[in-house]
Amino acid sequence: MNITGAFYALAAFAIFSTHDVVIKFLGGHYTPFQIIFFSTLFSFPLVMFMLIRDRNPGHLRPVHPWWTLFRTLAAMINTVSAFYAFSVLPLAQVYALIFATPLVITILSIPILGEKVGFHRWAAVVLGLVGVMIVLRPGGTELTLGHAAALSCALFGAFASVVVRKVGREERTEVLMLYPLIANFIVMGTAMSFFYHPLPLMDLGGVATVSLLGFTGGVVLILAYRASEAAIVAPMQYSQIIWATIYGYFIFGESVDRATLLGAGIIILSGLYIVFRESRGGHSENTPVLRTRSRASSAMSFRISPFLRRDKLH
């Protein structure tokens, strides 16, 4: 079953990588606000299709309004940051920096979840941050707003994930999924009014494709977690660096320099070690990285965990 889960996971992250390629293409012509607005618009019926399965009575008022607000804001910033970073930076470089998300989750889990992080995981975090510095090469290359956006994506994506780990069992799935979508629709729609450019039918289809790929990737990822343990599925996200290299070279004419490859390799090794330590009993009380089963780099893909819990209950 682990092989099946790994296969599904590889397929899911291949779909997500294709999703990011379409974002990069559209980002050369439109602002992130416009792309996110229409992506959200197309995502509503897809997400509602998933939520309609919930037969439990309830309402949409959050149990933890402040944490829900903070997570919603973080999810919005995470999405805008991801869309902008993919638009202006080479794909491989964006992924390398976003791969730092597990490192940030490990750090944030200490004050928010009360997680106790031992020497081994701290060493992995420090090593991963060294990898980030190698990718950024401060002083050796010009740091741009795109680099800041990629790091912002990792930071706010990690924060949103840790908040879900804190309140996810008490908040309804509908609250955690719909609030960021509604906020994106309102805020991005307002911002888009200042930056709107008419979308030809082909590009509108591209935006719809972004929503469809995000939804499809999420469904396939659910299949992966149903078939295998999280410790098998989670590391498969790093396969995106392979797709980034292939897509970047053949579609956008990008090449991956040695520093990016070296830094990405170090970040990936540190992330894998954190997953390994969390998967061993007694080394992590909250397992915040392993429990982050949704994709961290875009709020367009829905949360995975609630649908896995439902399978156990029914």
# chains A, B, ... in the order shown; residues from 1 in each chain; ligands from 1
>>> residues_around(residues="Leu221 of chain A", least_positions_apart="6", cutoff="7 Å", atoms="only C-alpha atoms", output="list in words")
Tyr8, Ala9 and Ala12 of chain A
>>> residues_around(residues="Asp257 of chain A", least_positions_apart="2", cutoff="10 Å", atoms="only C-alpha atoms", output="JSON, numbers by chain")
{"A": [92, 93, 135, 254, 255, 259, 260, 261, 262]}
>>> write_last_selection(atoms="C-alpha atoms", output="mmCIF file, in the first residue's frame")
data_model
loop_
_atom_site.group_PDB
_atom_site.id
_atom_site.type_symbol
_atom_site.label_atom_id
_atom_site.label_comp_id
_atom_site.auth_asym_id
_atom_site.auth_seq_id
_atom_site.Cartn_x
_atom_site.Cartn_y
_atom_site.Cartn_z
ATOM 1 C CA ALA A 92 13.220 25.811 -9.101
ATOM 2 C CA GLN A 93 14.226 28.800 -6.991
ATOM 3 C CA VAL A 135 19.823 29.752 -2.411
ATOM 4 C CA GLU A 254 15.312 28.599 -17.260
ATOM 5 C CA SER A 255 18.463 26.916 -16.027
ATOM 6 C CA ALA A 259 23.838 27.321 -5.699
ATOM 7 C CA THR A 260 20.092 26.725 -6.081
ATOM 8 C CA LEU A 261 20.626 22.970 -6.446
ATOM 9 C CA LEU A 262 22.961 22.829 -3.452
#
>>> residues_around(residues="segment 2-4 of chain A", least_positions_apart="2", cutoff="8 Å", atoms="only C-alpha atoms", output="PyMOL selection string")
chain A and resi 6-8+224+227-229+232
>>> atom_distance(atom1="atom CA of Val132 of chain A", atom2="atom CA of Ala74 of chain A")
21.2 Å
>>> closest_residue(among="A:Ile23, A:Leu212, A:Val117, A:Ile134", to="Arg258 of chain A", atoms="only C-alpha atoms")
A:Ile134
>>> residues_around(residues="Thr68 of chain A", least_positions_apart="3", cutoff="9 Å", atoms="only C-alpha atoms", output="JSON, numbers by chain")
{"A": [62, 63, 64, 65, 71, 72, 73, 163, 164, 167, 171, 175, 176, 179]}
>>> residues_around(residues="Tyr196 of chain A", least_positions_apart="2", cutoff="10 Å", atoms="only C-alpha atoms", output="PDB file with N, CA, C and O atoms, in the first residue's frame")
ATOM      1  N   TYR A  30      -0.772  39.327 -16.019  1.00  0.00           N
ATOM      2  CA  TYR A  30      -1.779  39.840 -15.102  1.00  0.00           C
ATOM      3  C   TYR A  30      -1.226  39.864 -13.677  1.00  0.00           C
ATOM      4  O   TYR A  30      -0.306  39.119 -13.347  1.00  0.00           O
ATOM      5  N   THR A  31      -1.812  40.734 -12.841  1.00  0.00           N
ATOM      6  CA  THR A  31      -1.381  40.804 -11.443  1.00  0.00           C
ATOM      7  C   THR A  31      -1.896  39.586 -10.678  1.00  0.00           C
ATOM      8  O   THR A  31      -2.902  38.973 -11.072  1.00  0.00           O
ATOM      9  N   PHE A  33      -3.540  39.637  -8.016  1.00  0.00           N
ATOM     10  CA  PHE A  33      -4.889  39.925  -7.519  1.00  0.00           C
ATOM     11  C   PHE A  33      -5.948  39.436  -8.497  1.00  0.00           C
ATOM     12  O   PHE A  33      -6.942  38.818  -8.107  1.00  0.00           O
ATOM     13  N   GLN A  34      -5.737  39.701  -9.784  1.00  0.00           N
ATOM     14  CA  GLN A  34      -6.717  39.306 -10.776  1.00  0.00           C
ATOM     15  C   GLN A  34      -6.766  37.788 -10.951  1.00  0.00           C
ATOM     16  O   GLN A  34      -7.845  37.198 -11.052  1.00  0.00           O
ATOM     17  N   ILE A  35      -5.597  37.170 -10.964  1.00  0.00           N
ATOM     18  CA  ILE A  35      -5.549  35.718 -11.135  1.00  0.00           C
ATOM     19  C   ILE A  35      -6.214  35.023  -9.946  1.00  0.00           C
ATOM     20  O   ILE A  35      -7.001  34.080 -10.111  1.00  0.00           O
ATOM     21  N   GLY A 189     -10.887  41.003  -5.163  1.00  0.00           N
ATOM     22  CA  GLY A 189     -11.801  41.711  -6.049  1.00  0.00           C
ATOM     23  C   GLY A 189     -11.666  43.213  -5.906  1.00  0.00           C
ATOM     24  O   GLY A 189     -11.690  43.954  -6.901  1.00  0.00           O
ATOM     25  N   ALA A 191      -8.903  44.830  -4.787  1.00  0.00           N
ATOM     26  CA  ALA A 191      -7.592  45.210  -5.322  1.00  0.00           C
ATOM     27  C   ALA A 191      -7.567  45.130  -6.846  1.00  0.00           C
ATOM     28  O   ALA A 191      -6.936  45.953  -7.522  1.00  0.00           O
ATOM     29  N   MET A 192      -8.265  44.138  -7.397  1.00  0.00           N
ATOM     30  CA  MET A 192      -8.273  43.956  -8.844  1.00  0.00           C
ATOM     31  C   MET A 192      -8.884  45.148  -9.567  1.00  0.00           C
ATOM     32  O   MET A 192      -8.524  45.450 -10.719  1.00  0.00           O
ATOM     33  N   SER A 193      -9.795  45.853  -8.925  1.00  0.00           N
ATOM     34  CA  SER A 193     -10.448  46.991  -9.574  1.00  0.00           C
ATOM     35  C   SER A 193      -9.450  48.077  -9.949  1.00  0.00           C
ATOM     36  O   SER A 193      -9.724  48.898 -10.838  1.00  0.00           O
ATOM     37  N   PHE A 194      -8.275  48.079  -9.306  1.00  0.00           N
ATOM     38  CA  PHE A 194      -7.246  49.065  -9.635  1.00  0.00           C
ATOM     39  C   PHE A 194      -6.262  48.538 -10.681  1.00  0.00           C
ATOM     40  O   PHE A 194      -5.486  49.310 -11.252  1.00  0.00           O
ATOM     41  N   PRO A 198      -8.533  43.242 -19.257  1.00  0.00           N
ATOM     42  CA  PRO A 198      -9.487  42.282 -19.839  1.00  0.00           C
ATOM     43  C   PRO A 198      -8.833  40.928 -20.108  1.00  0.00           C
ATOM     44  O   PRO A 198      -7.692  40.848 -20.555  1.00  0.00           O
ATOM     45  N   LEU A 199      -9.562  39.868 -19.787  1.00  0.00           N
ATOM     46  CA  LEU A 199      -9.074  38.513 -19.982  1.00  0.00           C
ATOM     47  C   LEU A 199      -9.674  37.915 -21.253  1.00  0.00           C
ATOM     48  O   LEU A 199     -10.891  37.717 -21.329  1.00  0.00           O
TER      49      LEU A 199
END
>>> residues_around(residues="Gly27 of chain A", least_positions_apart="6", cutoff="12 Å", atoms="only C-alpha atoms", output="list in words")
Asp20, Val21, Phe33, Gln34, Ile35, Ile36, Val80, Ser81, Ala82, Phe83, Tyr84, Ala85, Phe86, Ser87, Val88, Leu89, Asp203, Gly206, Val207 and Val210 of chain A
>>> residues_around(residues="Pro288 of chain A", least_positions_apart="5", cutoff="7 Å", atoms="only C-alpha atoms", output="PyMOL selection string")
chain A and resi 105-106+109+162+165
